[in-house]
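Asker: Encoded as C-alpha cells, here's the structure I'll be asking about.
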Protein chains: 2
Amino acid sequence: MASISDEIEQFILSVLSDDESVKLSRNDLAHYFSVAPSQINYVLATRFNFDKGYIIESKRGGGGCITLVRISDNKEDILPELVQELDNIDVLTFNRASNFTDRLVRDEVITKEEGDIIKSALSDKALNFPAHVGKMRKNIFKEIVIGLMRR
Amino acid sequence: MASISDEIEQFILSVLSDDESVKLSRNDLAHYFSVAPSQINYVLATRFNFDKGYIIESKRGGGGCITLVRISDNKEDILPELVQELDNIDVLTFNRASNFTDRLVRDEVITKEEGDIIKSALSDKALNFPAHVGKMRKNIFKEIVIGLMRR
DNA sequence: TATTGTTTGACTTTCTTTGACCTTTCGCAA
DNA sequence: TTGCGAAAGGTCAAAGAAAGTCAAACAATA
C-alpha cells in the first residue's frame with residue numbers, strides 16, 4: 001500500500017525525468033495531491049535528501065519556488081566521498097582542510113584560484129572568533145564542497 | 001516562475017546593455033509592466049543598488065527621470081574599496097555579501113564559479129553556529145577579499 | 001507494544017506587491 | 001515675480017505570496 005508520500009515521490013521523479021534539475025511549486029504540489037504543504041517538505045527531506053543524491057534549493061516569497069537538483073554521480077565521486085569524510089569527523093584543522101583542498105586542485109576538481117579562496121575562508125585568521133573553531137570550519141567546508149558538486 | 005520584479009530587472013539590464021548609464025521613466029516602466037510605480041523603486045533598491053555596483057540618480061517634477069549608472073571603477077580599485085567598506089561595517093548579512101559577490105563577478109574580478117564558492121562559504125547554512133554570525137561572516141569575507149588581492 | 005514512518009496544522013521567515021501620502025520641479029497665469 | 005497646480009519621483013508600512021520549522025497526532029510495522 002503506497003502512501004501518498006510515495007506517490008508524490010514518483011510524481012516528482014517523473015517530472016524530473018532525465019533532467020538535471022526541476023523547479024517545483026510547493027503549494028501547487030500540495031494542492032494537486034490534497035495534502036498539507038509541509039508534506040512536500042517531508043517528501044523532499046526523506047526521498048530527495050543529500051544522501052539520496054539530491055540538493056534542494058528554494059526561494060521564499062512572491063515568485064518563490066523549490067529547485068531540486070540531481071547530483072551527477074559519474075563526474076567526480078571525490079566530492080561525495082569528501083562530504084562523507086567530513087561527516088565522520090567532528091572538527092577540522094586548517095592543515096587538514098588545506099590538504100583536502102590541495103587534493104581537489106591536484107585532481108582538477110577546482111582551479112588553484114578557487115582553492116585559494118577556500119583556504120582564505122577557512123584560515124585561522126578568517127575564523128578568529130571565540131568558540132568551536134573546528135566545528136564551524138567543518139561546516140563551512142562542507143558547504144563549499146556541496147556547492148562544488150553542482151558544477 | 002520568475003516574479004515580475006525579476007522581469008523588470010531583466011528588462012532594465014537589456015536596455016542598459018553595454019552602456020554606462022541609462023535614463024528611465026518610473027511611470028512609463030510601471031505602466032508598461034502594469035505595476036505600482038513604487039515597485040520600480042523596489043527593483044532598483046534590490047537589484048541595482050550600490051553594493052551591486054550601481055548608482056541611482058533621479059530628478060522629480062516635470063521632465064523628471066531616473067538615471068541608472070553602472071559604476072566603472074578601475075579593476076584594481078574595486079577590491080581595496082571593498083575592504084574599506086567591510087572595515088566600516090560591523091556585521092554583514094548574507095544578502096549584502098551576496099550583492100558584493102555579484103558585483104565582483106559582474107566586473108570580472110572573479111569568475112562565477114569563484115563567486116559561488118564564496119557564497120557557499122558565507123551562507124547561513126555554512127555559518128549556523130551559536131554566536132555572532134554577522135561579525136564572523138564579515139571576517140571571513142574580508143579575508144577572502146584580501147586573498148583575492150594577492151592574485 | 002514499541003518503534004518507525006506519515007500527515008497535519010500552527011506559527012515563522014523571506015521576498016514581493018500595493019497604495020496612501022510626501023517632496024521636488026517646472027510651467028504658466030495673475 | 002510670485003504663487004499655484006500638475007507632473008514627476010520618493011518613502012514607508014501593510015498586505016500578500018511563497019517556503020520553512022517543528023511538534024503533535026496518526027498509522028503501520030516489527
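Identifiers in the C-alpha cells: chain A, B, ... in order shown; residue index from 1 per chain; ligand index from 1 in order shown.
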So which bits of chain A end up helix (DSSP H, G or I) when you DSSP the backbone, as a PyMOL selection string?

Answerer: chain A and resi 4-16+26-32+37-47+78-88+94-106+112-122+133-148

Asker: Using only C-alpha atoms (C1' of nucleotides), which chain C residues lie at most 12 Å away from chain A, written as a PDB file with N, CA and C atoms (P, O5', C5', C4', C3', O3' and C1' of nucleotides), in the first residue's frame?

Answerer:
```
ATOM      1  P    DG C   5      11.943   4.748   9.662  1.00  0.00           P
ATOM      2  O5'  DG C   5      10.495   5.138   9.152  1.00  0.00           O
ATOM      3  C5'  DG C   5       9.700   4.145   8.512  1.00  0.00           C
ATOM      4  C4'  DG C   5       8.366   4.750   8.186  1.00  0.00           C
ATOM      5  C3'  DG C   5       8.458   6.017   7.340  1.00  0.00           C
ATOM      6  O3'  DG C   5       7.477   5.903   6.319  1.00  0.00           O
ATOM      7  C1'  DG C   5       7.195   6.449   9.289  1.00  0.00           C
ATOM      8  P    DT C   6       7.312   7.016   5.225  1.00  0.00           P
ATOM      9  O5'  DT C   6       6.004   7.747   5.759  1.00  0.00           O
ATOM     10  C5'  DT C   6       4.811   6.998   5.838  1.00  0.00           C
ATOM     11  C4'  DT C   6       3.668   7.870   6.277  1.00  0.00           C
ATOM     12  C3'  DT C   6       3.375   9.098   5.415  1.00  0.00           C
ATOM     13  O3'  DT C   6       2.015   8.978   5.041  1.00  0.00           O
ATOM     14  C1'  DT C   6       3.390   9.679   7.710  1.00  0.00           C
ATOM     15  P    DT C   7       1.375   9.901   3.949  1.00  0.00           P
ATOM     16  O5'  DT C   7       0.707  11.021   4.852  1.00  0.00           O
ATOM     17  C5'  DT C   7      -0.320  10.651   5.760  1.00  0.00           C
ATOM     18  C4'  DT C   7      -0.725  11.838   6.610  1.00  0.00           C
ATOM     19  C3'  DT C   7      -0.953  13.149   5.850  1.00  0.00           C
ATOM     20  O3'  DT C   7      -2.331  13.454   5.972  1.00  0.00           O
ATOM     21  C1'  DT C   7       0.228  13.500   7.876  1.00  0.00           C
ATOM     22  P    DT C   8      -2.929  14.769   5.285  1.00  0.00           P
ATOM     23  O5'  DT C   8      -2.886  15.798   6.501  1.00  0.00           O
ATOM     24  C5'  DT C   8      -3.366  15.369   7.768  1.00  0.00           C
ATOM     25  C4'  DT C   8      -3.158  16.453   8.805  1.00  0.00           C
ATOM     26  C3'  DT C   8      -3.428  17.870   8.315  1.00  0.00           C
ATOM     27  O3'  DT C   8      -4.568  18.365   8.992  1.00  0.00           O
ATOM     28  C1'  DT C   8      -1.420  17.754   9.620  1.00  0.00           C
ATOM     29  P    DG C   9      -5.160  19.805   8.572  1.00  0.00           P
ATOM     30  O5'  DG C   9      -4.503  20.780   9.646  1.00  0.00           O
ATOM     31  C5'  DG C   9      -4.341  20.331  10.982  1.00  0.00           C
ATOM     32  C4'  DG C   9      -3.618  21.387  11.794  1.00  0.00           C
ATOM     33  C3'  DG C   9      -3.880  22.822  11.344  1.00  0.00           C
ATOM     34  O3'  DG C   9      -3.918  23.633  12.507  1.00  0.00           O
ATOM     35  C1'  DG C   9      -1.577  22.417  11.227  1.00  0.00           C
ATOM     36  P    DA C  10      -4.530  25.072  12.472  1.00  0.00           P
ATOM     37  O5'  DA C  10      -3.549  25.857  13.461  1.00  0.00           O
ATOM     38  C5'  DA C  10      -3.103  25.225  14.671  1.00  0.00           C
ATOM     39  C4'  DA C  10      -1.791  25.847  15.112  1.00  0.00           C
ATOM     40  C3'  DA C  10      -1.752  27.375  14.973  1.00  0.00           C
ATOM     41  O3'  DA C  10      -1.112  27.934  16.121  1.00  0.00           O
ATOM     42  C1'  DA C  10       0.017  26.424  13.745  1.00  0.00           C
ATOM     43  P    DT C  13      10.823  34.143  13.039  1.00  0.00           P
ATOM     44  O5'  DT C  13      11.160  34.073  11.493  1.00  0.00           O
ATOM     45  C5'  DT C  13      11.800  32.919  10.978  1.00  0.00           C
ATOM     46  C4'  DT C  13      12.024  33.098   9.509  1.00  0.00           C
ATOM     47  C3'  DT C  13      12.566  34.469   9.112  1.00  0.00           C
ATOM     48  O3'  DT C  13      13.730  34.227   8.344  1.00  0.00           O
ATOM     49  C1'  DT C  13      10.671  33.900   7.806  1.00  0.00           C
ATOM     50  P    DT C  14      14.606  35.402   7.748  1.00  0.00           P
ATOM     51  O5'  DT C  14      14.091  35.528   6.246  1.00  0.00           O
ATOM     52  C5'  DT C  14      14.128  34.382   5.405  1.00  0.00           C
ATOM     53  C4'  DT C  14      13.483  34.730   4.104  1.00  0.00           C
ATOM     54  C3'  DT C  14      13.941  36.066   3.518  1.00  0.00           C
ATOM     55  O3'  DT C  14      14.451  35.791   2.230  1.00  0.00           O
ATOM     56  C1'  DT C  14      11.581  35.881   3.466  1.00  0.00           C
ATOM     57  P    DC C  15      15.189  36.913   1.351  1.00  0.00           P
ATOM     58  O5'  DC C  15      14.076  37.335   0.292  1.00  0.00           O
ATOM     59  C5'  DC C  15      13.511  36.337  -0.553  1.00  0.00           C
ATOM     60  C4'  DC C  15      12.278  36.919  -1.186  1.00  0.00           C
ATOM     61  C3'  DC C  15      12.513  38.259  -1.897  1.00  0.00           C
ATOM     62  O3'  DC C  15      12.230  38.051  -3.277  1.00  0.00           O
ATOM     63  C1'  DC C  15      10.528  38.290  -0.565  1.00  0.00           C
ATOM     64  P    DT C  16      12.177  39.260  -4.321  1.00  0.00           P
ATOM     65  O5'  DT C  16      10.623  39.639  -4.263  1.00  0.00           O
ATOM     66  C5'  DT C  16       9.681  38.616  -4.513  1.00  0.00           C
ATOM     67  C4'  DT C  16       8.288  39.174  -4.570  1.00  0.00           C
ATOM     68  C3'  DT C  16       8.059  40.348  -5.522  1.00  0.00           C
ATOM     69  O3'  DT C  16       6.948  39.963  -6.321  1.00  0.00           O
ATOM     70  C1'  DT C  16       7.154  40.835  -3.383  1.00  0.00           C
ATOM     71  P    DT C  17       6.503  40.801  -7.594  1.00  0.00           P
ATOM     72  O5'  DT C  17       5.354  41.736  -7.016  1.00  0.00           O
ATOM     73  C5'  DT C  17       4.187  41.131  -6.471  1.00  0.00           C
ATOM     74  C4'  DT C  17       3.286  42.178  -5.857  1.00  0.00           C
ATOM     75  C3'  DT C  17       3.063  43.442  -6.704  1.00  0.00           C
ATOM     76  O3'  DT C  17       1.686  43.447  -7.056  1.00  0.00           O
ATOM     77  C1'  DT C  17       3.398  43.966  -4.406  1.00  0.00           C
TER      78       DT C  17
END
```

Asker: Could you check which of D:DG3, D:DA14, D:DA8, D:DG20 is closest to B:Ile66, using only C-alpha atoms (C1' of nucleotides)?

Answerer: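 Closest to B:Ile66, using only C-alpha atoms (C1' of nucleotides): D:DA8.
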
Asker: If you superpose chain A onto chain B over the full set of Cα atoms in sequence order, what number do you get for the RMSD in Å?

Answerer: 12.2 Å

Asker: Using only C-alpha atoms (C1' of nucleotides), find which residues of chain D lie within 10 Å of chain B and jot them down as a PyMOL selection string.

Answerer: chain D and resi 6-11

Asker: Please report, as a PyMOL selection string, each residue of stretch 64-134 of chain B to which DSSP assigns strand (DSSP E) when run on this structure's backbone.

Answerer: chain B and resi 65-70

Asker: Hey, what's within 12 Å of D:DC4 if we count only C-alpha atoms (C1' of nucleotides) and toss same-chain stuff fewer than 3 positions away? As a PyMOL selection string, please?

Answerer: chain C and resi 26-30

Asker: For those residues, write C-alpha atoms (C1' of nucleotides) to a file as a short mmCIF file (atom, residue, chain, number, x, y, z; two decimals), in the first residue's frame.

Answerer:
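Output contents, as saved in again.cif:
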```
data_model
loop_
_atom_site.label_atom_id
_atom_site.label_comp_id
_atom_site.auth_asym_id
_atom_site.auth_seq_id
_atom_site.Cartn_x
_atom_site.Cartn_y
_atom_site.Cartn_z
"C1'" DC C 26 8.52 73.07 -13.84
"C1'" DG C 27 5.47 75.98 -16.48
"C1'" DC C 28 2.02 79.22 -16.55
"C1'" DA C 29 -1.15 82.78 -15.09
"C1'" DA C 30 -2.13 86.71 -12.24
#
```
